[in-house]
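Asker: The structure file work.txt (compact mmCIF, C-alpha atoms and all ligand atoms) is provided below.
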# COMPACT_ATOMS: atom_id res chain seq x y z
CA MET C 235 -76.28 25.57 17.04
CA GLU C 236 -73.13 25.65 15.13
CA GLU C 237 -71.30 27.50 17.97
CA GLU C 238 -72.48 24.98 20.48
CA SER C 239 -71.32 22.06 18.46
CA ASP C 240 -67.93 23.73 17.97
CA LYS C 241 -67.42 24.18 21.68
CA THR C 242 -68.43 20.67 22.47
CA ASP C 243 -65.95 19.48 19.93
CA GLU C 244 -63.14 21.59 21.39
CA LYS C 245 -63.89 20.36 24.88
CA SER C 246 -64.01 16.78 23.90
CA THR C 247 -60.73 17.19 22.00
CA ASN C 248 -59.05 18.67 25.09
CA ILE C 249 -60.25 15.85 27.24
CA ARG C 250 -59.06 13.38 24.70
CA ASN C 251 -55.65 15.09 24.60
CA GLU C 252 -55.24 15.13 28.35
CA LYS C 253 -56.22 11.54 28.60
CA SER C 254 -53.91 10.47 25.87
CA LEU C 255 -50.94 12.38 27.33
CA GLU C 256 -51.42 10.63 30.64
CA GLU C 257 -51.65 7.39 28.81
CA ILE C 258 -48.51 8.11 26.86
CA ASN C 259 -46.54 9.18 29.94
CA GLU C 260 -47.54 6.02 31.70
CA SER C 261 -46.70 3.79 28.76
CA PRO C 262 -43.74 1.43 29.25
CA ALA C 263 -42.11 2.69 26.04
CA VAL C 264 -41.85 6.27 27.31
CA ARG C 265 -40.66 5.17 30.72
CA GLN C 266 -37.96 3.11 29.11
CA GLU C 267 -36.91 6.05 26.93
CA ALA C 268 -36.67 8.35 29.98
CA GLU C 269 -34.62 5.79 31.86
CA LYS C 270 -32.08 5.42 29.05
CA PRO C 271 -28.67 6.92 29.88
CA LYS C 272 -28.10 10.25 28.16
CA LYS C 273 -25.03 9.16 26.16
CA GLU C 274 -27.19 7.07 23.87
CA VAL C 275 -28.58 10.21 22.29
CA PRO C 276 -26.16 10.74 19.44
CA ILE C 277 -24.46 14.09 19.23
CA VAL C 278 -23.93 14.85 15.59
CA PHE C 279 -20.45 16.15 14.85
CA SER C 280 -19.11 17.67 11.73
CA SER C 281 -15.69 16.21 10.97
CA SER C 282 -13.95 19.50 11.77
CA GLU C 283 -15.74 19.67 15.15
CA TRP C 284 -14.69 16.11 15.92
CA PHE C 285 -11.06 16.80 14.99
CA SER C 286 -10.87 20.06 16.92
CA ALA C 287 -12.38 18.38 20.02
CA LYS C 288 -9.41 16.00 19.81
CA ARG C 289 -7.08 18.91 19.03
CA TRP C 290 -6.16 17.28 15.73
CA SER C 291 -5.56 19.65 12.84
CA ASN C 292 -7.04 17.18 10.35
CA ASN C 293 -7.55 13.51 9.56
CA PRO C 294 -4.19 11.78 10.16
CA PHE C 295 -5.12 8.69 8.15
CA THR C 296 -5.15 9.86 4.57
CA PHE C 297 -2.96 7.93 2.13
CA SER C 298 -0.39 10.71 1.91
CA ILE C 299 3.26 9.72 1.74
CA LEU C 300 4.99 10.99 4.86
CA PRO C 301 8.55 9.61 4.93
CA SER C 302 9.29 11.35 8.23
CA LEU C 303 6.67 9.10 9.85
CA PHE C 304 8.20 5.93 8.44
CA VAL C 305 8.22 3.02 10.91
CA GLY C 306 9.46 -0.58 10.89
CA TYR C 307 11.09 -2.44 8.00
CA LYS C 308 14.31 -2.07 9.97
CA GLU C 309 16.09 -5.06 8.50
CA GLN C 310 15.21 -4.04 4.96
CA THR C 311 16.35 -0.43 5.41
CA SER C 312 19.62 -1.41 7.10
CA ARG C 313 20.47 -3.81 4.29
CA LEU C 314 19.65 -1.23 1.63
CA MET C 315 21.66 1.49 3.34
CA LEU C 316 24.63 -0.84 3.66
CA PHE C 317 24.49 -1.87 0.00
CA LEU C 318 24.19 1.75 -1.08
CA GLU C 319 27.11 2.81 1.06
CA GLU C 320 29.09 0.04 -0.59
CA LYS C 321 28.04 1.57 -3.92
CA HIS C 322 26.41 -1.51 -5.39
CA LYS C 323 24.96 -0.71 -8.78
CA PHE C 324 21.45 -2.16 -8.70
CA LEU C 325 19.16 -2.86 -5.76
CA LEU C 326 15.54 -3.84 -6.02
CA VAL C 327 12.67 -3.37 -3.60
CA VAL C 328 9.52 -5.35 -4.33
CA GLY C 329 6.20 -5.44 -2.54
CA PRO C 330 2.49 -5.46 -3.27
CA THR C 331 0.63 -2.21 -3.77
CA GLY C 332 0.39 -0.27 -0.50
CA SER C 333 3.20 -2.11 1.26
CA GLY C 334 5.29 1.05 1.58
CA LYS C 335 7.76 1.04 -1.33
CA THR C 336 7.47 4.74 -2.18
CA THR C 337 7.62 5.74 1.47
CA LEU C 338 10.71 3.59 2.00
CA LEU C 339 12.48 5.07 -1.04
CA LYS C 340 11.75 8.61 0.11
CA TRP C 341 12.87 7.80 3.64
CA ILE C 342 16.19 6.41 2.37
CA GLN C 343 16.60 9.43 0.12
CA GLY C 344 16.32 11.67 3.16
CA ASN C 345 18.61 9.59 5.34
CA LEU C 346 21.50 8.62 3.11
CA PRO C 347 24.67 10.28 4.30
CA GLY C 348 27.20 11.55 1.80
CA SER C 349 25.47 10.64 -1.46
CA ASP C 350 23.73 12.83 -3.95
CA THR C 351 20.24 11.51 -4.78
CA LEU C 352 17.66 11.69 -7.53
CA TYR C 353 14.12 10.35 -7.13
CA ILE C 354 12.22 9.45 -10.31
CA GLY C 355 8.57 8.65 -9.59
CA LYS C 356 8.08 6.49 -12.66
CA PRO C 357 10.44 5.13 -15.32
CA PRO C 358 10.97 7.37 -18.34
CA GLU C 359 8.95 6.42 -21.39
CA THR C 360 11.81 6.67 -23.83
CA PRO C 361 15.59 6.54 -23.32
CA ALA C 362 15.79 10.13 -24.61
CA ASP C 363 13.92 11.25 -21.46
CA PHE C 364 17.06 10.42 -19.47
CA VAL C 365 18.70 13.35 -21.26
CA ASP C 366 16.17 15.82 -19.82
CA ILE C 367 16.24 14.17 -16.41
CA PHE C 368 20.03 14.48 -16.03
CA ASN C 369 20.21 17.92 -17.67
CA ASP C 370 17.67 19.08 -15.15
CA LYS C 371 19.43 17.40 -12.23
CA PHE C 372 22.77 19.03 -13.07
CA LYS C 373 21.55 22.36 -14.36
CA ALA C 374 23.83 25.28 -13.63
CA PRO C 375 22.64 28.48 -11.92
CA TRP C 376 20.71 30.58 -14.45
CA PHE C 377 23.49 33.10 -15.02
CA LEU C 378 25.93 30.34 -16.01
CA ARG C 379 23.48 28.34 -18.05
CA PRO C 380 24.43 29.66 -21.51
CA PHE C 381 28.02 28.50 -20.91
CA SER C 382 27.51 25.18 -19.18
CA PRO C 383 27.62 21.96 -21.20
CA LYS C 384 24.40 20.04 -21.69
CA ILE C 385 23.74 16.49 -22.76
CA LYS C 386 22.39 16.31 -26.31
CA ASN C 387 21.57 12.65 -26.65
CA ILE C 388 21.40 9.49 -24.58
CA TYR C 389 24.79 8.25 -25.80
CA GLN C 390 26.46 11.21 -24.10
CA VAL C 391 24.89 10.47 -20.72
CA PRO C 392 27.54 8.06 -19.31
CA ASP C 393 30.41 10.36 -20.16
CA PHE C 394 28.60 13.42 -18.87
CA LEU C 395 27.79 11.70 -15.58
CA ASN C 396 31.34 10.46 -15.07
CA LYS C 397 32.65 14.00 -15.57
CA ARG C 398 30.06 15.59 -13.31
CA LEU C 399 30.17 13.04 -10.54
CA LYS C 400 33.90 12.41 -10.33
CA LYS C 401 34.21 10.93 -6.80
CA LYS C 402 30.70 11.92 -5.74
CA HIS C 403 28.26 9.03 -5.45
CA LEU C 404 24.81 9.42 -7.04
CA VAL C 405 21.89 7.24 -5.97
CA VAL C 406 19.03 7.22 -8.48
CA PHE C 407 15.70 5.96 -7.12
CA ILE C 408 13.25 4.75 -9.75
CA ASP C 409 9.78 3.94 -8.49
CA GLU C 410 7.14 1.86 -10.31
CA ILE C 411 9.90 0.05 -12.18
CA HIS C 412 7.46 -2.69 -13.26
CA GLU C 413 6.20 -0.15 -15.79
CA ALA C 414 9.59 0.19 -17.51
CA ASP C 415 9.91 -0.90 -21.12
CA LEU C 416 12.67 -3.27 -22.08
CA GLU C 417 14.55 -0.49 -23.84
CA ILE C 418 14.64 1.57 -20.65
CA LEU C 419 15.95 -1.38 -18.66
CA GLU C 420 18.63 -1.96 -21.25
CA TRP C 421 19.76 1.65 -20.90
CA LEU C 422 19.77 1.35 -17.14
CA ARG C 423 22.07 -1.60 -17.49
CA VAL C 424 24.35 0.46 -19.74
CA LEU C 425 24.38 3.38 -17.28
CA GLY C 426 25.14 1.02 -14.41
CA ASP C 427 28.01 -0.53 -16.33
CA GLN C 428 29.50 2.69 -17.67
CA VAL C 429 29.07 5.23 -14.89
CA ASP C 430 31.55 4.72 -12.08
CA ASN C 431 29.79 6.26 -9.14
CA ILE C 432 26.15 5.56 -9.71
CA SER C 433 23.71 3.25 -7.90
CA PHE C 434 20.12 2.55 -8.81
CA LEU C 435 17.51 1.66 -6.21
CA LEU C 436 14.53 0.35 -8.13
CA SER C 437 11.15 -0.41 -6.67
CA GLY C 438 8.08 -2.12 -8.05
CA LEU C 439 5.48 -4.84 -7.80
CA PRO C 440 6.67 -8.42 -7.22
CA SER C 441 5.73 -9.32 -10.79
CA PHE C 442 8.70 -7.25 -12.00
CA ASP C 443 11.18 -9.79 -10.75
CA HIS C 444 9.47 -12.50 -12.70
CA ASP C 445 9.23 -10.30 -15.81
CA LEU C 446 12.98 -9.75 -15.61
CA SER C 447 13.73 -13.43 -15.43
CA THR C 448 11.85 -14.01 -18.65
CA LYS C 449 12.76 -10.84 -20.55
CA LEU C 450 16.11 -9.59 -19.40
CA GLU C 451 18.11 -12.07 -17.39
CA THR C 452 21.31 -10.09 -18.08
CA PHE C 453 19.84 -7.23 -16.09
CA ARG C 454 18.46 -9.46 -13.35
CA LYS C 455 21.92 -10.92 -12.79
CA ARG C 456 23.24 -7.41 -12.06
CA ILE C 457 20.87 -6.86 -9.15
CA THR C 458 22.89 -7.29 -5.96
CA ALA C 459 19.96 -7.58 -3.59
CA LYS C 460 16.24 -7.97 -3.81
CA ILE C 461 14.45 -6.67 -0.72
CA GLU C 462 10.85 -7.64 -0.07
CA LEU C 463 8.29 -5.56 1.78
CA LEU C 464 5.04 -6.97 3.01
CA SER C 465 3.77 -5.95 6.39
CA LEU C 466 4.56 -4.37 9.73
CA THR C 467 4.62 -6.13 13.11
CA LYS C 468 1.97 -5.35 15.70
CA GLU C 469 4.28 -2.94 17.55
CA GLU C 470 5.14 -1.18 14.30
CA THR C 471 1.46 -0.94 13.39
CA GLN C 472 0.81 0.70 16.76
CA GLN C 473 3.73 3.03 16.18
CA LEU C 474 2.39 3.98 12.73
CA ILE C 475 -0.98 4.92 14.26
CA GLN C 476 0.62 6.82 17.13
CA ARG C 477 2.98 8.81 14.91
CA ARG C 478 0.27 9.73 12.46
CA ILE C 479 -1.93 11.07 15.27
CA GLN C 480 0.92 12.97 16.91
CA HIS C 481 1.77 14.47 13.55
CA VAL C 482 -1.63 16.24 13.48
CA GLY C 483 -1.29 17.42 17.09
CA GLY C 484 -2.91 14.57 19.03
CA GLN C 485 -1.70 12.56 22.02
CA GLY C 486 -1.13 9.36 20.08
CA ASN C 487 -3.10 7.15 22.46
CA GLU C 488 -6.56 7.93 21.06
CA PHE C 489 -6.88 4.41 19.64
CA PRO C 490 -7.32 2.03 22.63
CA GLN C 491 -5.28 -1.15 22.70
CA ASP C 492 -8.18 -3.43 21.73
CA VAL C 493 -8.83 -1.28 18.65
CA VAL C 494 -5.15 -1.42 17.67
CA ASP C 495 -5.21 -5.21 18.13
CA PHE C 496 -8.30 -5.41 15.95
CA ILE C 497 -6.72 -3.23 13.24
CA TYR C 498 -3.58 -5.32 13.27
CA SER C 499 -5.43 -8.60 13.01
CA ARG C 500 -7.69 -7.32 10.25
CA SER C 501 -4.96 -5.63 8.20
CA GLY C 502 -2.17 -8.11 8.84
CA GLY C 503 0.00 -5.00 9.39
CA PHE C 504 -0.26 -4.08 5.73
CA PRO C 505 0.37 -0.29 5.88
CA ARG C 506 -2.23 1.07 3.45
CA GLU C 507 -4.81 -1.29 4.94
CA VAL C 508 -3.93 -0.08 8.47
CA LEU C 509 -4.56 3.50 7.36
CA ARG C 510 -7.84 2.55 5.70
CA LEU C 511 -9.14 0.84 8.84
CA CYS C 512 -8.07 3.74 11.09
CA ASP C 513 -9.88 6.10 8.75
CA GLU C 514 -12.96 3.91 8.94
CA PHE C 515 -12.95 4.03 12.76
CA ILE C 516 -12.74 7.82 12.68
CA ASN C 517 -15.50 8.18 10.14
CA GLN C 518 -17.74 5.85 12.11
CA ALA C 519 -17.07 7.85 15.29
CA ILE C 520 -18.03 11.07 13.48
CA LEU C 521 -21.13 9.56 11.88
CA LYS C 522 -22.29 7.87 15.07
CA GLY C 523 -21.59 10.97 17.17
CA SER C 524 -19.11 9.18 19.39
CA PRO C 525 -16.40 11.45 20.84
CA ASP C 526 -14.03 8.52 21.33
CA ILE C 527 -12.72 5.62 19.30
CA SER C 528 -13.93 2.26 20.51
CA LEU C 529 -14.15 -1.23 19.16
CA ASP C 530 -17.94 -1.28 18.91
CA LEU C 531 -17.84 1.48 16.27
CA LEU C 532 -16.99 -1.17 13.74
CA GLY C 533 -19.44 -3.66 15.16
CA GLY C 534 -20.63 -4.67 11.75
CA VAL C 535 -17.38 -5.84 10.28
CA THR C 536 -18.24 -7.05 6.85
CA GLU C 537 -17.42 -10.45 5.49
CA GLU C 538 -15.43 -8.78 2.77
CA LYS C 539 -13.01 -7.30 5.27
CA ILE C 540 -12.54 -10.56 7.11
CA GLU C 541 -11.82 -12.31 3.84
CA GLN C 542 -9.31 -9.66 2.91
CA GLN C 543 -7.45 -10.35 6.14
CA VAL C 544 -7.54 -14.05 5.57
CA TYR C 545 -5.93 -13.58 2.17
CA LEU C 546 -3.28 -11.22 3.48
CA ASP C 547 -2.32 -13.86 6.01
CA VAL C 548 -2.44 -16.52 3.37
CA LEU C 549 -0.06 -14.69 1.10
CA GLU C 550 2.37 -14.20 3.93
CA LYS C 551 2.37 -17.88 4.80
CA MET C 552 2.82 -19.15 1.27
CA THR C 553 5.98 -20.82 0.11
CA PRO C 554 8.05 -18.88 -2.44
CA MET C 555 7.03 -21.36 -5.12
CA GLN C 556 3.32 -20.99 -4.37
CA ARG C 557 3.66 -17.23 -4.49
CA GLU C 558 5.67 -17.38 -7.67
CA ILE C 559 2.92 -19.37 -9.38
CA LEU C 560 0.27 -16.94 -8.20
CA GLU C 561 2.36 -14.05 -9.49
CA VAL C 562 2.74 -15.71 -12.87
CA LEU C 563 -0.99 -16.34 -13.04
CA ALA C 564 -1.69 -12.73 -12.08
CA GLN C 565 -0.26 -11.81 -15.49
CA LYS C 566 -2.44 -14.14 -17.52
CA PRO C 567 -4.15 -17.55 -17.37
CA LEU C 568 -1.75 -20.39 -18.19
CA SER C 569 -1.53 -24.16 -18.41
CA PRO C 570 0.77 -26.07 -16.00
CA GLY C 571 3.31 -26.53 -18.79
CA GLN C 572 3.36 -22.82 -19.57
CA ILE C 573 3.78 -22.04 -15.88
CA ALA C 574 6.72 -24.43 -15.64
CA ASN C 575 8.32 -22.75 -18.68
CA SER C 576 8.22 -19.39 -16.97
CA LEU C 577 9.90 -20.69 -13.80
CA ASN C 578 13.56 -20.98 -13.19
CA LEU C 579 14.12 -24.59 -14.22
CA GLU C 580 17.62 -24.86 -12.77
CA LYS C 581 16.17 -26.16 -9.51
CA TYR C 582 14.60 -29.17 -11.22
CA LYS C 583 16.07 -32.34 -12.63
CA SER C 584 14.05 -31.90 -15.79
CA ARG C 585 11.16 -29.92 -17.21
CA GLN C 586 8.94 -32.89 -16.47
CA HIS C 587 9.85 -32.65 -12.78
CA ALA C 588 9.00 -28.96 -12.83
CA VAL C 589 5.59 -29.60 -14.42
CA ARG C 590 4.84 -32.24 -11.82
CA SER C 591 5.74 -29.90 -9.03
CA VAL C 592 3.63 -27.11 -10.60
CA ASN C 593 0.70 -29.50 -10.85
CA ASN C 594 0.97 -30.38 -7.17
CA ILE C 595 0.96 -26.76 -6.15
CA LEU C 596 -1.96 -26.00 -8.45
CA LYS C 597 -3.90 -28.83 -6.83
CA PHE C 598 -3.34 -27.23 -3.46
CA LEU C 599 -4.25 -23.74 -4.72
CA LEU C 600 -7.37 -25.10 -6.37
CA LYS C 601 -8.48 -26.75 -3.14
CA GLN C 602 -8.00 -23.49 -1.27
CA ASP C 603 -10.05 -21.67 -3.90
CA TYR C 604 -7.18 -19.39 -4.92
CA VAL C 605 -7.14 -20.55 -8.53
CA GLU C 606 -9.79 -21.83 -10.90
CA ARG C 607 -9.41 -23.75 -14.12
CA GLN C 608 -11.05 -24.16 -17.48
CA GLN C 609 -10.56 -27.04 -19.85
CA PHE C 610 -9.46 -26.35 -23.40
CA GLU C 611 -9.36 -29.60 -25.33
CA LYS C 612 -6.86 -31.72 -23.40
CA THR C 613 -5.31 -29.06 -21.20
CA PHE C 614 -6.48 -27.17 -18.17
CA VAL C 615 -5.84 -23.44 -18.11
CA TYR C 616 -5.53 -21.93 -14.65
CA SER C 617 -6.37 -18.41 -13.54
CA LEU C 618 -6.66 -16.59 -10.22
CA THR C 619 -9.98 -16.37 -8.41
CA PRO C 620 -11.25 -12.79 -7.96
CA LYS C 621 -10.55 -12.92 -4.21
CA ILE C 622 -6.82 -13.49 -4.52
CA LYS C 623 -6.58 -11.25 -7.58
CA THR C 624 -7.12 -8.13 -5.48
CA LEU C 625 -3.95 -8.94 -3.59
CA MET C 626 -1.90 -9.67 -6.63
CA VAL C 627 -3.07 -6.46 -8.26
CA LYS C 628 -0.80 -4.95 -10.87
CA ALA C 629 -0.94 -1.17 -10.79
N1 LIG V 701 6.72 1.69 7.01
C1 LIG V 701 5.75 2.61 6.98
N2 LIG V 701 5.63 3.50 8.00
C2 LIG V 701 4.66 4.42 7.98
N3 LIG V 701 3.76 4.55 7.01
C3 LIG V 701 3.83 3.71 5.98
C4 LIG V 701 4.83 2.70 5.91
N4 LIG V 701 4.67 2.01 4.77
C5 LIG V 701 3.64 2.56 4.14
N5 LIG V 701 3.11 3.57 4.86
C6 LIG V 701 1.95 4.38 4.47
O1 LIG V 701 1.06 3.50 3.77
C7 LIG V 701 0.61 4.08 2.55
C8 LIG V 701 1.03 3.23 1.38
O2 LIG V 701 2.44 3.28 1.23
P1 LIG V 701 3.18 3.54 -0.18
O3 LIG V 701 2.39 4.46 -1.01
O4 LIG V 701 4.58 3.87 0.14
O5 LIG V 701 3.07 2.06 -0.77
P2 LIG V 701 3.59 1.51 -2.18
O6 LIG V 701 4.16 0.17 -1.90
O7 LIG V 701 4.47 2.52 -2.83
O8 LIG V 701 2.24 1.34 -2.99
P3 LIG V 701 2.03 1.37 -4.60
O9 LIG V 701 2.63 0.10 -5.14
O10 LIG V 701 0.54 1.38 -4.75
O11 LIG V 701 2.70 2.61 -5.12
C9 LIG V 701 1.19 5.49 2.50
O12 LIG V 701 0.22 6.41 2.94
C10 LIG V 701 2.36 5.44 3.47
O13 LIG V 701 2.56 6.70 4.08
MG MG V 702 4.33 3.63 -4.59
Would you mind writing the file's structure down as structure tokens?

Answerer:
Amino acid sequence: MEEESDKTDEKSTNIRNEKSLEEINESPAVRQEAEKPKKEVPIVFSSSEWFSAKRWSNNPFTFSILPSLFVGYKEQTSRLMLFLEEKHKFLLVVGPTGSGKTTLLKWIQGNLPGSDTLYIGKPPETPADFVDIFNDKFKAPWFLRPFSPKIKNIYQVPDFLNKRLKKKHLVVFIDEIHEADLEILEWLRVLGDQVDNISFLLSGLPSFDHDLSTKLETFRKRITAKIELLSLTKEETQQLIQRRIQHVGGQGNEFPQDVVDFIYSRSGGFPREVLRLCDEFINQAILKGSPDISLDLLGGVTEEKIEQQVYLDVLEKMTPMQREILEVLAQKPLSPGQIANSLNLEKYKSRQHAVRSVNNILKFLLKQDYVERQQFEKTFVYSLTPKIKTLMVKA
């Protein structure tokens, strides 16, 4: 009995299976699936497989500093090179984080004919550190070291440099200058005044310029030229992408024109942002199993990214005064009167005029949602909204 019932069960199961397979094969869902073009089935790549299929040695869009791939900023570099050739003492490059200051400095260092150079990645913490920096720069070959003179304290530096340099011109690059203490800036001023053949090319965030005007105007007055970096043009953005790809062994045309246009409009040509978007396209291609870069890879562009672009554009279109106020507020929240005090009042008939003008600009910034305010007794204190703060970031 048991055997019988087993068999019957098996048979009925088989019949059921056959029937259901037919049913499934006939179902519209399966037909649709079979009719789908093959490319829709994602091929899963590992990143190294994806790169080697493109004959790229690795991801070209990391944030590494590659001065040899420097593009654009032609006007700024020509001016800087000219001023350095003319041996001006102090030049300043300012730009927001990621605008290309370090890359520009390193590019100039590698392309300056006839001058000796020294790149300092961050200002020394104490003036005494200059002693080590210059001893190291001018150290003699090891076998002569016991006999060669060394600087013992900061006061000896100017004399030592004059003797060592003679007619030779030395260009000292100091990056991240916004981090320098007042004492360091004062010593820089002394070195600039007392060493005949030295030039300093300083670079930092835009807030540095404002800091100088309030803390050390005597130094600010010595700066021959202030060069601003912000963003690349569309052609330069394309060039940046092309050069980066060629650097890792690719053709350079792997990003189609519509993708480049998209990247430019989203990044505003802001170099670090260009790299970040390119990287995102590549990662999406790898994750989605797409062998090529295409616009639809970033179909779901987030609101956050669009906003970021809007703000980059906004910053570029602002008047110097509007930007100055935003930069002041990036330091700390202030009342209109305090803002006016920190501005250069020479342009105004009186302090009252300055406050009025500050108030007008604040009204505009408030309307655009770039600043917000809080009332403390009778005064309003203004601060930046989080959106604009990311752009005014102080490293
Ligand atoms: N003109 C340019 N040409 C090619 N690449 C650039 C250019 N400017 C910047 N980049 C690239 O963009 C990235 C950011 O540049 P960089 O680090 O020089 O900016 P920064 O202004 O020094 O930023 P931070 O203030 O954060 O130090 C780097 O990877 C750099 O290689
Ligand atoms: Mg830098």

Asker: Would you mind listing what lies within 9 Å of Ile418 of chain C as a PyMOL selection string, with only C-alpha atoms counted and same-chain residues fewer than 5 positions away left out?

Answerer: chain C and resi 357-361+423

Asker: Between C:Arg289, C:Lys455, C:Lys597, C:Lys323, which has the minimum distance to Gln556 of chain C (counting all atoms listed in the file)?

Answerer: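 Among the listed residues, C:Lys597 lies closest to Gln556 of chain C.
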
Asker: Can I get the residues of chain C within 9 Å of ligand LIG 701 (chain V), each with the closest pair of atoms and their distance in Å to one decimal, using only C-alpha atoms and all ligand atoms, sorted chain first then ascending number, as CSV?

Answerer:
residue,atom,partner,partner_atom,distance
C:Phe295,CA,V:LIG701,O12,7.8
C:Thr296,CA,V:LIG701,O12,6.6
C:Phe297,CA,V:LIG701,O12,3.6
C:Ser298,CA,V:LIG701,O12,4.5
C:Ile299,CA,V:LIG701,O13,3.9
C:Leu300,CA,V:LIG701,O13,5.0
C:Pro301,CA,V:LIG701,O13,6.7
C:Ser302,CA,V:LIG701,C2,8.3
C:Leu303,CA,V:LIG701,C2,5.4
C:Phe304,CA,V:LIG701,N2,3.6
C:Val305,CA,V:LIG701,N2,3.9
C:Gly306,CA,V:LIG701,N1,5.3
C:Tyr307,CA,V:LIG701,N1,6.1
C:Lys308,CA,V:LIG701,N1,9.0
C:Val328,CA,V:LIG701,O6,8.1
C:Gly329,CA,V:LIG701,O6,6.0
C:Pro330,CA,V:LIG701,O9,5.9
C:Thr331,CA,V:LIG701,O9,3.3
C:Gly332,CA,V:LIG701,O8,3.5
C:Ser333,CA,V:LIG701,O6,4.0
C:Gly334,CA,V:LIG701,O4,3.2
C:Lys335,CA,V:LIG701,O6,3.7
C:Thr336,CA,V:LIG701,O7,3.8
C:Thr337,CA,V:LIG701,O4,3.8
C:Leu338,CA,V:LIG701,O4,6.4
C:Leu339,CA,V:LIG701,O4,8.1
C:Lys340,CA,V:LIG701,O4,8.6
C:Asp409,CA,V:LIG701,O7,7.9
C:Glu410,CA,V:LIG701,O11,6.9
C:Ser437,CA,V:LIG701,O7,8.2
C:Gly438,CA,V:LIG701,O9,6.6
C:Leu439,CA,V:LIG701,O9,6.3
C:Leu463,CA,V:LIG701,O6,8.0
C:Leu464,CA,V:LIG701,O6,8.7
C:Ser465,CA,V:LIG701,N4,8.2
C:Leu466,CA,V:LIG701,N1,7.0
C:Glu470,CA,V:LIG701,N2,7.9
C:Thr471,CA,V:LIG701,N2,8.1
C:Gln473,CA,V:LIG701,C2,8.4
C:Leu474,CA,V:LIG701,C2,5.3
C:Ile475,CA,V:LIG701,C2,8.5
C:Arg477,CA,V:LIG701,C2,8.4
C:Arg478,CA,V:LIG701,C2,8.2
C:Phe504,CA,V:LIG701,C5,7.9
C:Pro505,CA,V:LIG701,O1,4.4
C:Arg506,CA,V:LIG701,O1,4.1
C:Glu507,CA,V:LIG701,O1,7.7
C:Val508,CA,V:LIG701,O1,7.7
C:Leu509,CA,V:LIG701,O1,6.7
C:Lys628,CA,V:LIG701,O9,8.4
C:Ala629,CA,V:LIG701,O10,6.7

Asker: Select, from C:Val424, C:Arg454, C:Asp366, C:Leu560, the residue with the minimum atom-to-atom distance to Val605 of chain C, counting all atoms listed in the file.

Answerer: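 Going through C:Val424, C:Arg454, C:Asp366, C:Leu560 one by one, the smallest distance to Val605 of chain C is for C:Leu560.
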
Asker: Compile the contact shell of Lys581 of chain C as number ranges by chain: residues with an atom at most 12 Å away, counting all atoms listed in the file, same-chain residues fewer than 6 positions apart removed.

Answerer: C: 555, 574, 587-588, 591

Asker: Which one of C:Glu606, C:Val482, C:Phe317, C:Asp363 sits closest to Ser286 of chain C if you count all atoms listed in the file?

Answerer: C:Val482

Asker: Point out the residue among C:Ser569, C:Leu549, C:Leu577, C:Lys356 with the least atom-to-atom distance to Tyr604 of chain C, counting all atoms listed in the file.

Answerer: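 Using all atoms listed in the file, Tyr604 of chain C sits closest to C:Leu549.
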
Asker: Of the candidates C:Thr553, C:Lys449, C:Gln390, C:Gly355, which one gets nearest to ligand MG 702 (chain V) if we count all atoms listed in the file?

Answerer: C:Gly355

Asker: Using atom CA of Gly571 of chain C and atom CA of Leu416 of chain C as the two end points, give the distance in Å to one decimal.

Answerer: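 Atom CA of Leu416 of chain C lies at a distance of 25.3 Å from atom CA of Gly571 of chain C.
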
Asker: Pick the closest to ligand MG 702 (chain V) from C:Leu531, C:Val405, C:Val615, C:Leu436: which is it, counting only C-alpha atoms and all ligand atoms?

Answerer: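 The closest residue to ligand MG 702 (chain V) is C:Leu436.
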
Asker: Between atom CA of Gln428 of chain C and atom CA of Pro375 of chain C, what distance in Å does the model show, to one decimal?

Answerer: 27.3 Å

Asker: Which residues are near Asn578 of chain C? Cut-off 10 Å, all atoms listed in the file, ignore same chain within fewer than 2 positions. Put them as a count of residues only.

Answerer: 10

Asker: Around all the atoms of segment 458-463 of chain C listed in the file, with 5 Å of room on each side, what axis-aligned box do you get, giving centre and edge lengths in Å to one decimal, as AutoDock Vina command-line options?

Answerer:
--center_x 15.6 --center_y -6.8 --center_z -2.1 --size_x 24.6 --size_y 12.4 --size_z 17.7

Asker: As an exercise, work out the distance from atom CA of Tyr498 of chain C to atom CA of Lys468 of chain C in Å and give it to one decimal place.

Answerer: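 Computing the Euclidean distance for atom CA of Tyr498 of chain C and atom CA of Lys468 of chain C yields 6.1 Å.
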